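Content type mmCIF, C-alpha atoms (C1' of nucleotides) and all ligand atoms, from the file my_file16.cif:
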```cif
data_start
loop_
_atom_site.label_atom_id
_atom_site.label_comp_id
_atom_site.auth_asym_id
_atom_site.auth_seq_id
_atom_site.Cartn_x
_atom_site.Cartn_y
_atom_site.Cartn_z
CA MET A 1 24.02 5.12 16.26
CA PRO A 2 21.16 5.74 13.89
CA LYS A 3 18.82 7.23 16.35
CA LYS A 4 18.69 8.21 19.93
CA LYS A 5 15.57 8.36 21.93
CA THR A 6 14.69 9.33 25.43
CA SER A 7 11.26 9.93 26.80
CA GLU A 8 11.36 13.60 25.96
CA ASN A 9 13.87 14.04 23.24
CA VAL A 10 14.68 12.43 19.93
CA THR A 11 17.86 12.95 18.01
CA VAL A 12 17.86 12.19 14.35
CA GLY A 13 19.82 13.24 11.36
CA ILE A 14 17.31 14.32 8.77
CA THR A 15 16.63 17.97 8.21
CA PRO A 16 13.32 18.25 6.32
CA VAL A 17 10.72 18.14 9.01
CA ALA A 18 11.13 18.40 12.71
CA LEU A 19 13.76 15.74 12.45
CA LYS A 20 16.78 17.58 13.53
CA GLU A 21 17.56 17.48 17.20
CA HIS A 22 14.51 18.86 18.85
CA GLU A 23 12.35 18.86 21.90
CA HIS A 24 10.09 16.09 20.83
CA ALA A 25 7.40 16.75 23.39
CA HIS A 26 6.57 19.84 21.39
CA CYS A 27 5.78 17.72 18.35
CA ILE A 28 3.18 15.82 20.31
CA ASP A 29 1.65 18.89 21.88
CA ASP A 30 1.64 20.74 18.61
CA ALA A 31 -0.01 17.91 16.77
CA ILE A 32 -2.77 17.65 19.34
CA ASN A 33 -3.28 21.36 19.78
CA THR A 34 -3.30 22.09 16.10
CA ALA A 35 -5.72 19.26 15.47
CA GLU A 36 -7.98 20.46 18.22
CA ALA A 37 -8.03 24.00 16.92
CA TYR A 38 -8.52 22.85 13.37
CA CYS A 39 -11.45 20.65 14.29
CA LYS A 40 -13.04 23.31 16.40
CA ASN A 41 -12.79 25.77 13.57
CA ALA A 42 -14.10 23.34 10.99
CA LYS A 43 -16.81 22.04 13.33
CA LEU A 44 -15.40 18.57 13.29
CA ARG A 45 -15.54 16.28 16.26
CA PHE A 46 -12.16 15.58 17.73
CA THR A 47 -13.38 12.63 19.74
CA PRO A 48 -11.38 10.71 22.36
CA ILE A 49 -10.49 7.91 19.98
CA ARG A 50 -9.36 10.28 17.27
CA ARG A 51 -7.34 12.22 19.75
CA LYS A 52 -5.77 9.10 21.16
CA VAL A 53 -4.85 7.76 17.73
CA LEU A 54 -3.22 11.04 16.84
CA GLU A 55 -1.36 10.99 20.15
CA ILE A 56 -0.11 7.50 19.42
CA LEU A 57 1.06 8.53 15.98
CA ALA A 58 2.70 11.69 17.22
CA GLN A 59 4.77 9.77 19.74
CA GLU A 60 7.19 8.78 17.02
CA HIS A 61 8.61 10.07 13.80
CA ARG A 62 7.91 6.85 12.08
CA ALA A 63 4.95 5.11 10.53
CA ILE A 64 2.80 2.86 12.65
CA GLY A 65 0.57 0.07 11.38
CA ALA A 66 -3.13 0.02 12.12
CA TYR A 67 -2.83 -3.09 14.24
CA ALA A 68 -0.03 -1.64 16.32
CA ILE A 69 -2.28 1.33 16.92
CA LEU A 70 -5.04 -1.03 17.98
CA GLU A 71 -2.77 -2.56 20.61
CA ARG A 72 -2.00 0.83 22.00
CA LEU A 73 -5.69 1.68 22.02
CA ARG A 74 -6.46 -1.45 23.99
CA GLU A 75 -3.74 -0.62 26.48
CA ASN A 76 -5.47 2.69 26.97
CA GLY A 77 -8.85 1.23 27.64
CA PHE A 78 -10.36 1.67 24.20
CA GLY A 79 -11.82 -1.08 22.09
CA SER A 80 -9.45 -2.98 19.85
CA GLN A 81 -11.44 -4.01 16.82
CA PRO A 82 -9.93 -3.01 13.49
CA PRO A 83 -12.68 -0.59 12.47
CA LEU A 84 -11.90 1.59 15.45
CA ALA A 85 -8.42 2.33 14.26
CA TYR A 86 -9.30 2.51 10.60
CA ARG A 87 -12.11 4.95 11.20
CA ALA A 88 -10.00 7.25 13.26
CA LEU A 89 -7.24 7.01 10.68
CA GLU A 90 -9.67 7.77 7.92
CA PHE A 91 -10.77 10.88 9.75
CA LEU A 92 -7.23 12.02 10.48
CA THR A 93 -5.94 11.41 6.98
CA LYS A 94 -8.98 12.93 5.35
CA HIS A 95 -8.36 16.16 7.21
CA GLY A 96 -4.63 16.19 6.71
CA LEU A 97 -3.80 15.55 10.34
CA ALA A 98 -2.09 12.27 9.53
CA HIS A 99 -0.96 10.49 6.40
CA LYS A 100 -0.72 7.00 5.13
CA VAL A 101 2.71 5.95 3.97
CA GLU A 102 1.76 3.72 1.07
CA ARG A 103 5.06 2.03 0.83
CA LEU A 104 4.72 0.80 4.40
CA ASN A 105 0.98 0.39 4.71
CA ALA A 106 1.30 2.41 7.84
CA PHE A 107 0.38 5.80 9.19
CA ILE A 108 2.17 8.84 10.46
CA SER A 109 1.23 12.02 12.21
CA CYS A 110 1.45 15.05 9.97
CA THR A 111 4.13 17.58 10.78
CA HIS A 112 2.58 20.30 8.63
CA PRO A 113 -1.03 20.24 9.64
CA THR A 114 -3.46 22.98 8.81
CA LYS A 115 -1.82 23.82 5.50
CA GLU A 116 -3.29 22.22 2.47
CA HIS A 117 -0.35 20.20 1.33
CA SER A 118 0.93 17.27 -0.62
CA PRO A 119 3.26 15.33 1.66
CA ALA A 120 6.42 13.55 0.60
CA PHE A 121 8.39 11.14 2.73
CA LEU A 122 11.95 10.05 3.23
CA ILE A 123 11.89 6.60 4.76
CA CYS A 124 15.00 5.15 6.32
CA ARG A 125 15.18 1.43 5.73
CA THR A 126 17.49 0.97 8.70
CA CYS A 127 16.08 3.01 11.55
CA SER A 128 12.57 3.29 10.12
CA SER A 129 12.45 7.01 10.65
CA VAL A 130 10.08 8.81 8.32
CA ALA A 131 10.64 12.46 7.53
CA GLU A 132 7.86 14.48 5.99
CA THR A 133 8.25 17.39 3.69
CA THR A 134 5.71 19.11 1.50
CA LEU A 135 5.52 19.60 -2.21
CA ASP A 136 3.56 21.59 -4.67
CA ALA A 137 2.24 18.65 -6.64
CA ALA A 138 1.77 20.69 -9.79
CA LYS A 139 5.40 21.73 -9.79
CA THR A 140 6.84 18.24 -9.54
CA SER A 141 8.22 16.51 -12.59
CA LEU A 142 5.17 14.34 -12.69
CA GLY A 143 3.00 17.42 -12.45
CA GLY A 144 4.43 18.67 -15.72
CA ILE A 145 3.86 15.39 -17.42
CA ALA A 146 0.33 15.23 -16.10
CA ARG A 147 -0.43 18.70 -17.39
CA ALA A 148 0.91 17.87 -20.82
CA ALA A 149 -1.26 14.80 -20.86
CA ASN A 150 -4.36 16.57 -19.59
CA PHE A 151 -4.33 14.35 -16.59
CA ARG A 152 -6.02 16.01 -13.64
CA MET A 153 -3.96 15.24 -10.56
CA GLU A 154 -6.01 14.86 -7.44
CA GLY A 155 -3.49 13.28 -5.14
CA LEU A 156 0.17 12.54 -5.11
CA VAL A 157 2.14 9.81 -3.40
CA MET A 158 5.82 10.55 -3.21
CA GLU A 159 7.98 8.42 -1.00
CA SER A 160 11.62 7.55 -1.08
CA GLU A 161 13.23 4.70 0.73
CA GLY A 162 16.89 4.87 1.53
CA LEU A 163 19.27 5.70 4.29
CA CYS A 164 18.98 8.72 6.52
CA SER A 165 22.17 10.62 7.14
CA SER A 166 22.86 8.92 10.46
CA CYS A 167 22.35 5.44 9.10
CA SER A 168 24.22 6.37 5.96
CA ARG A 169 27.26 7.41 7.96
CA ALA A 170 27.03 4.31 10.11
CA ALA A 171 26.87 2.13 7.00
CA THR A 172 30.13 3.25 5.45
CA MET B 1 -16.39 6.99 -22.91
CA PRO B 2 -13.34 6.70 -20.75
CA LYS B 3 -11.68 3.91 -22.56
CA LYS B 4 -12.15 1.82 -25.64
CA LYS B 5 -10.83 -1.64 -25.99
CA THR B 6 -10.92 -4.22 -28.70
CA SER B 7 -8.92 -7.40 -28.78
CA GLU B 8 -6.07 -5.78 -30.62
CA ASN B 9 -6.33 -2.11 -29.99
CA VAL B 10 -6.77 0.15 -27.00
CA THR B 11 -7.67 3.78 -27.20
CA VAL B 12 -6.89 5.97 -24.27
CA GLY B 13 -6.23 9.59 -23.70
CA ILE B 14 -2.97 9.74 -21.82
CA THR B 15 0.19 10.60 -23.63
CA PRO B 16 3.09 9.60 -21.39
CA VAL B 17 3.62 5.96 -22.11
CA ALA B 18 2.17 3.89 -24.85
CA LEU B 19 -1.22 5.18 -23.88
CA LYS B 20 -2.14 7.12 -26.88
CA GLU B 21 -4.00 5.26 -29.54
CA HIS B 22 -1.78 2.39 -30.44
CA GLU B 23 -1.57 -1.13 -31.68
CA HIS B 24 -1.74 -2.76 -28.31
CA ALA B 25 -0.58 -6.15 -29.49
CA HIS B 26 2.83 -4.57 -29.90
CA CYS B 27 2.93 -3.73 -26.21
CA ILE B 28 2.48 -7.35 -25.31
CA ASP B 29 4.98 -8.62 -27.84
CA ASP B 30 7.48 -5.97 -26.90
CA ALA B 31 7.19 -6.71 -23.21
CA ILE B 32 7.77 -10.40 -23.75
CA ASN B 33 10.51 -10.03 -26.32
CA THR B 34 12.38 -7.43 -24.35
CA ALA B 35 12.12 -9.50 -21.21
CA GLU B 36 13.33 -12.57 -23.03
CA ALA B 37 16.31 -10.79 -24.49
CA TYR B 38 17.12 -9.13 -21.20
CA CYS B 39 17.04 -12.40 -19.30
CA LYS B 40 19.10 -14.19 -21.88
CA ASN B 41 21.70 -11.48 -21.73
CA ALA B 42 21.74 -11.37 -17.95
CA LYS B 43 21.64 -15.18 -17.67
CA LEU B 44 18.36 -15.10 -15.87
CA ARG B 45 15.76 -17.78 -16.27
CA PHE B 46 12.65 -16.53 -17.98
CA THR B 47 10.58 -19.51 -16.91
CA PRO B 48 7.05 -20.35 -18.08
CA ILE B 49 5.42 -18.92 -14.98
CA ARG B 50 7.39 -15.71 -15.16
CA ARG B 51 6.58 -15.36 -18.81
CA LYS B 52 2.92 -16.04 -18.23
CA VAL B 53 2.70 -13.51 -15.41
CA LEU B 54 4.33 -10.89 -17.57
CA GLU B 55 1.93 -11.76 -20.39
CA ILE B 56 -1.00 -11.35 -18.04
CA LEU B 57 0.26 -7.99 -16.88
CA ALA B 58 1.02 -6.80 -20.38
CA GLN B 59 -2.52 -7.51 -21.52
CA GLU B 60 -3.69 -4.30 -19.94
CA HIS B 61 -2.47 -0.83 -19.17
CA ARG B 62 -3.66 -1.07 -15.65
CA ALA B 63 -2.49 -2.60 -12.43
CA ILE B 64 -3.54 -6.13 -11.55
CA GLY B 65 -3.64 -7.62 -8.07
CA ALA B 66 -1.69 -10.71 -7.19
CA TYR B 67 -4.82 -12.74 -6.63
CA ALA B 68 -6.29 -11.75 -9.95
CA ILE B 69 -3.06 -12.92 -11.52
CA LEU B 70 -3.42 -16.21 -9.67
CA GLU B 71 -6.83 -16.73 -11.19
CA ARG B 72 -5.45 -16.18 -14.63
CA LEU B 73 -2.62 -18.57 -13.90
CA ARG B 74 -5.05 -21.25 -12.83
CA GLU B 75 -7.08 -20.73 -15.99
CA ASN B 76 -3.89 -21.36 -17.89
CA GLY B 77 -3.09 -24.61 -16.18
CA PHE B 78 -0.60 -23.29 -13.67
CA GLY B 79 -0.83 -23.69 -9.92
CA SER B 80 -2.76 -21.07 -8.03
CA GLN B 81 -1.13 -20.78 -4.65
CA PRO B 82 -0.14 -17.26 -3.68
CA PRO B 83 3.61 -17.86 -3.61
CA LEU B 84 3.55 -18.66 -7.31
CA ALA B 85 2.37 -15.24 -8.26
CA TYR B 86 4.38 -13.41 -5.66
CA ARG B 87 7.61 -15.12 -6.66
CA ALA B 88 7.15 -14.34 -10.30
CA LEU B 89 6.25 -10.77 -9.43
CA GLU B 90 9.28 -10.48 -7.23
CA PHE B 91 11.45 -11.60 -10.10
CA LEU B 92 9.82 -9.27 -12.59
CA THR B 93 9.89 -6.24 -10.35
CA LYS B 94 13.43 -6.91 -9.18
CA HIS B 95 14.59 -6.80 -12.76
CA GLY B 96 12.51 -3.85 -13.79
CA LEU B 97 10.22 -5.80 -16.07
CA ALA B 98 7.18 -4.96 -13.97
CA HIS B 99 6.40 -2.60 -11.14
CA LYS B 100 4.28 -2.55 -8.07
CA VAL B 101 1.86 0.34 -7.83
CA GLU B 102 1.94 0.96 -4.11
CA ARG B 103 -1.20 2.98 -4.02
CA LEU B 104 -3.14 0.06 -5.46
CA ASN B 105 -1.27 -2.88 -4.03
CA ALA B 106 -1.17 -4.17 -7.56
CA PHE B 107 1.27 -4.76 -10.36
CA ILE B 108 1.83 -3.51 -13.84
CA SER B 109 3.99 -4.44 -16.77
CA CYS B 110 6.79 -1.98 -17.38
CA THR B 111 6.62 0.06 -20.54
CA HIS B 112 10.27 1.10 -20.37
CA PRO B 113 12.06 -2.12 -19.71
CA THR B 114 15.79 -2.53 -20.08
CA LYS B 115 16.56 1.02 -19.03
CA GLU B 116 17.46 1.53 -15.43
CA HIS B 117 14.66 3.79 -14.40
CA SER B 118 12.53 5.16 -11.64
CA PRO B 119 8.92 4.80 -12.70
CA ALA B 120 6.13 7.22 -11.96
CA PHE B 121 2.46 6.57 -12.50
CA LEU B 122 -0.68 8.45 -13.41
CA ILE B 123 -3.61 6.45 -12.11
CA CYS B 124 -7.11 7.22 -13.30
CA ARG B 125 -9.62 6.71 -10.53
CA THR B 126 -12.42 6.27 -13.00
CA CYS B 127 -11.18 3.99 -15.73
CA SER B 128 -8.29 2.52 -13.70
CA SER B 129 -5.81 3.09 -16.47
CA VAL B 130 -2.25 3.45 -15.27
CA ALA B 131 0.25 5.36 -17.36
CA GLU B 132 3.92 4.96 -16.67
CA THR B 133 6.56 7.55 -17.20
CA THR B 134 10.12 7.68 -15.96
CA LEU B 135 11.95 10.09 -13.76
CA ASP B 136 15.45 10.86 -12.74
CA ALA B 137 14.91 10.42 -9.02
CA ALA B 138 17.78 12.72 -8.10
CA LYS B 139 16.27 15.55 -10.11
CA THR B 140 12.86 15.43 -8.52
CA SER B 141 11.88 17.96 -5.88
CA LEU B 142 12.24 15.28 -3.25
CA GLY B 143 15.66 14.45 -4.63
CA GLY B 144 16.86 17.95 -3.84
CA ILE B 145 15.51 17.78 -0.33
CA ALA B 146 17.08 14.39 0.19
CA ARG B 147 20.44 15.65 -0.98
CA ALA B 148 20.28 18.63 1.34
CA ALA B 149 19.47 16.29 4.19
CA ASN B 150 22.17 13.77 3.31
CA PHE B 151 19.48 11.21 2.78
CA ARG B 152 20.64 8.53 0.37
CA MET B 153 17.72 7.74 -1.91
CA GLU B 154 17.58 4.13 -2.98
CA GLY B 155 14.10 3.95 -4.38
CA LEU B 156 11.32 6.31 -5.25
CA VAL B 157 7.59 5.83 -5.32
CA MET B 158 5.79 8.50 -7.27
CA GLU B 159 2.17 7.97 -8.09
CA SER B 160 -0.65 10.35 -8.79
CA GLU B 161 -4.29 9.52 -8.68
CA GLY B 162 -6.71 11.60 -10.63
CA LEU B 163 -8.59 11.71 -13.86
CA CYS B 164 -7.11 10.85 -17.21
CA SER B 165 -7.96 13.20 -20.03
CA SER B 166 -10.79 11.02 -21.36
CA CYS B 167 -12.43 10.64 -17.99
CA SER B 168 -11.77 14.26 -17.20
CA ARG B 169 -13.62 15.38 -20.32
CA ALA B 170 -16.43 12.97 -19.60
CA ALA B 171 -16.76 14.31 -16.06
CA THR B 172 -17.39 17.95 -16.96
"C1'" DC C 1 -37.90 19.58 26.19
"C1'" DG C 2 -38.47 15.82 22.85
"C1'" DA C 3 -38.72 14.12 18.27
"C1'" DT C 4 -35.74 13.45 14.51
"C1'" DG C 5 -31.90 13.23 11.52
"C1'" DT C 6 -26.97 12.73 11.60
"C1'" DT C 7 -22.61 11.25 13.05
"C1'" DA C 8 -19.75 8.24 15.70
"C1'" DT C 9 -18.93 3.88 18.00
"C1'" DG C 10 -19.49 -1.10 19.15
"C1'" DT C 11 -19.31 -5.67 17.30
"C1'" DT C 12 -19.00 -9.65 14.37
"C1'" DA C 13 -17.43 -11.58 10.59
"C1'" DT C 14 -14.82 -11.85 6.55
"C1'" DA C 15 -12.18 -10.10 2.52
"C1'" DA C 16 -7.84 -9.00 0.46
"C1'" DT C 17 -2.97 -8.96 0.50
"C1'" DG C 18 1.38 -11.04 1.57
"C1'" DT C 19 5.03 -14.58 3.74
"C1'" DA C 20 7.35 -18.36 6.29
"C1'" DA C 21 8.83 -22.73 5.98
"C1'" DC C 22 9.92 -26.91 4.12
"C1'" DA C 23 9.67 -30.63 0.52
"C1'" DT C 24 10.45 -31.60 -4.22
"C1'" DT C 25 12.04 -30.90 -8.79
"C1'" DA C 26 14.78 -28.82 -12.42
"C1'" DT C 27 19.02 -26.62 -13.97
"C1'" DT C 28 23.75 -25.57 -13.83
"C1'" DG C 29 28.32 -26.46 -14.07
"C1'" DA C 30 32.23 -28.81 -12.33
"C1'" DT D 1 27.35 -38.02 -12.65
"C1'" DC D 2 27.38 -35.57 -8.79
"C1'" DA D 3 26.92 -31.76 -5.97
"C1'" DA D 4 25.42 -27.07 -5.67
"C1'" DT D 5 22.04 -23.83 -6.83
"C1'" DA D 6 17.75 -22.11 -8.27
"C1'" DA D 7 12.94 -22.68 -9.05
"C1'" DT D 8 8.56 -24.69 -8.01
"C1'" DG D 9 5.00 -27.18 -5.23
"C1'" DT D 10 2.43 -27.08 -1.03
"C1'" DT D 11 0.69 -26.11 3.50
"C1'" DA D 12 -0.14 -23.10 6.71
"C1'" DC D 13 -0.41 -18.69 8.50
"C1'" DA D 14 0.43 -13.51 9.08
"C1'" DT D 15 -0.92 -8.96 8.04
"C1'" DT D 16 -3.83 -5.44 6.34
"C1'" DA D 17 -8.44 -3.79 5.44
"C1'" DT D 18 -13.57 -3.60 4.91
"C1'" DA D 19 -18.65 -4.92 4.91
"C1'" DA D 20 -22.59 -4.87 7.43
"C1'" DC D 21 -25.53 -3.99 10.95
"C1'" DA D 22 -26.67 -2.56 15.78
"C1'" DT D 23 -26.32 0.87 19.28
"C1'" DA D 24 -25.17 5.20 21.25
"C1'" DA D 25 -24.05 10.13 21.27
"C1'" DC D 26 -24.93 14.47 19.50
"C1'" DA D 27 -27.18 18.32 17.11
"C1'" DT D 28 -30.99 21.21 16.08
"C1'" DC D 29 -35.27 22.65 15.39
"C1'" DG D 30 -40.11 22.94 16.45
ZN ZN E 201 9.56 15.27 17.28
ZN ZN E 202 17.97 5.90 9.64
ZN ZN E 203 -0.67 -1.03 -25.22
ZN ZN E 204 -9.63 7.34 -17.05
#
```
Full structure transcribed into C-alpha cells:
Amino acid sequence: MPKKKTSENVTVGITPVALKEHEHAHCIDDAINTAEAYCKNAKLRFTPIRRKVLEILAQEHRAIGAYAILERLRENGFGSQPPLAYRALEFLTKHGLAHKVERLNAFISCTHPTKEHSPAFLICRTCSSVAETTLDAAKTSLGGIARAANFRMEGLVMESEGLCSSCSRAAT
Amino acid sequence: MPKKKTSENVTVGITPVALKEHEHAHCIDDAINTAEAYCKNAKLRFTPIRRKVLEILAQEHRAIGAYAILERLRENGFGSQPPLAYRALEFLTKHGLAHKVERLNAFISCTHPTKEHSPAFLICRTCSSVAETTLDAAKTSLGGIARAANFRMEGLVMESEGLCSSCSRAAT
DNA sequence: CGATGTTATGTTATAATGTAACATTATTGA
DNA sequence: TCAATAATGTTACATTATAACATAACATCG
C-alpha cells in the first residue's frame, strides 16, 4: 500500500517534508495563507487564478502538469487556455510559492515558502509522490566544483527518482 | 568573449570536464572510440545512426535538442522523423554514452563514458556551454536525506544554471 | 475624479518536445 | 535456412510551452 488518501488526510512514508502522516488540510491552508501574507507584504497581486492554481497544486504532494491544472481551472469556472496556467505558474515559481519539477515537466506547491531556498525533490516512480527538501546550493558537491571553476551558480535543479519507503517495502 | 571556437579547438573557462582549453578533436574521437569499444564489449550494436547522433552531440560542449539533431541527421542523408533521433538518444543515454539535460530538454555527449556515474551539469545561461562532472549520488546532500527517509535513489538529476567563468568575467 | 501608465487576463494560433503503433528490414544464432 | 530478435522506416498523434496581440483591471498622481 504505497499511499493512502482520504479527503482530509494523507499517509505517506517519506520524512523530508510534510510527508509523514499528517493532517493534510493544514498543508493546503498553510500554502494559501503563507502565499497571501507573502504577496501582501511584497505588494504582489495574489489574484483569483493564482490562488486557485496554488490551491490545485497544494491538494496533492505530487507534481501536476500544466494541462491537468487547466482542466481543474475549467472545472472551477476559469478559462482553460494554456497561457492562463503558465502565467500563474510563472508567478508562483518566480516567487518561490511553487516549483517546477524538471524531471516531470510538472509543478508542485512549495512546502517551504517564504524562505529563500533551493529545493530538492525525491520522486517516487511508483506512487508519484514528490517530497521536497531544501538545500544550501553552495554547500552541495556541485557547489564546490562550481566554486573551484569560478562558475557562478544562480539556480540548482536537484531531483532524485526512486522508490519511497512505502513503495520500497512493497517492492521487496 | 564568452567562448572561442575554431574548427579544431575550443577555449572555455570551466574546469570540471574537458572544458579548459583543449584539443577538441580529441573529445570527438574519444567519444566515438570509447562508445565503439564499449558496445563491442557489451555486444551492443553501435549502428550508423547511433554513431552519427553521438558524433553530432560530441561536436559541441553544449546540449542539443532532439529536433536540431534531426536536422543534422537529414543533412547527413539519414531520415529525419522524430523517432530516429529519440531512439538513438534512448540507446545512448541508457548506456551512459550521452545524457539528457532535463533543464534544457536537450542532450549532451558524455565526457566520462564507460564509468558508471551520476552526471551533474554546470549550464551557462549566456554562452550555453554545459560542463559535466560526476557525483557519487549517495554522498550528495540529497543522498543523506534520502537514506534517512528510506528513499531508494535510482537516479539523480543535478544541474546548475548560472554563469561560467568567462561569461561571469565579461558580465562585471 | 480622470488621465495615464502598468499589470493581469482573454484569446488565437502555433512552436517545440516527445510517443504510440505498426510495417519493414537487418542481424543473430540455432 | 529458418525463426527469433533487434533495429529502422513511416504515419500519425500526444504533450508541453510560447508568441503575439487585444482587452480589462488596477494603481497613482495631478
Ligand atoms: Zn500534506
Ligand atoms: Zn511511492
Ligand atoms: Zn572538447
Ligand atoms: Zn558562458
6 Å from ligand ZN 204 (chain E) is the threshold here; counting only C-alpha atoms (C1' of nucleotides) and all ligand atoms, which polymer residues fall inside it? Answer as a ChimeraX atom specification.
/B:2,124,126-127,129,163-164,166-167
Near chain D, which residues of chain B fall within 10 Å when you count only C-alpha atoms (C1' of nucleotides), and what do they look like as an MDAnalysis selection string?
chainID B and resid 45 47 49 79 81 83:84 87
Would you mind reading off the distance between CA of Glu161 in chain A and CA of Arg125 in chain A, one decimal, in Å?
6.3 Å
Considering only C-alpha atoms (C1' of nucleotides), tabulate each residue of chain B that lies at most 9 Å from chain C along with its nearest interatomic pair and the corresponding distance in Å to one decimal; arrange the rows by chain and ascending residue number and present them as a tab-separated table.
```
residue	atom	partner	partner_atom	distance
B:Gly65	CA	C:DT17	C1'	8.7
B:Ala66	CA	C:DT17	C1'	8.0
B:Tyr67	CA	C:DT17	C1'	8.3
B:Pro82	CA	C:DG18	C1'	8.3
B:Pro83	CA	C:DT19	C1'	8.2
B:Tyr86	CA	C:DG18	C1'	8.2
B:Asn105	CA	C:DT17	C1'	7.8
```
Interface list for chain A, partner chain B, 9 Å threshold, only C-alpha atoms, as a PyMOL selection string:
chain A and resi 13-16+102-105+120-124+133-135+139-143+145-146+148-166+168
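Residue neighbourhood of range 54-57 of chain B, excluding near-sequence residues (fewer than 5 positions): Ile28, Ala31, Ile32, Ala63, Ile64, Ile69, Arg72, Leu92, Leu97, Ala98, Phe107, Ile108 and Ser109 of chain B, at 8 Å, using all atoms listed in the file.
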Coordinates-based distance that separates CA of Ser118 in chain A from CA of Val130 in chain A (Å, one decimal):
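Between CA of Val130 in chain A and CA of Ser118 in chain A the gap is 15.3 Å.
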With distances taken over all atoms listed in the file, which residue among A:His61, A:His24, A:Lys40, A:Lys115 lies nearest ligand ZN 202 (chain E)?
A:His61
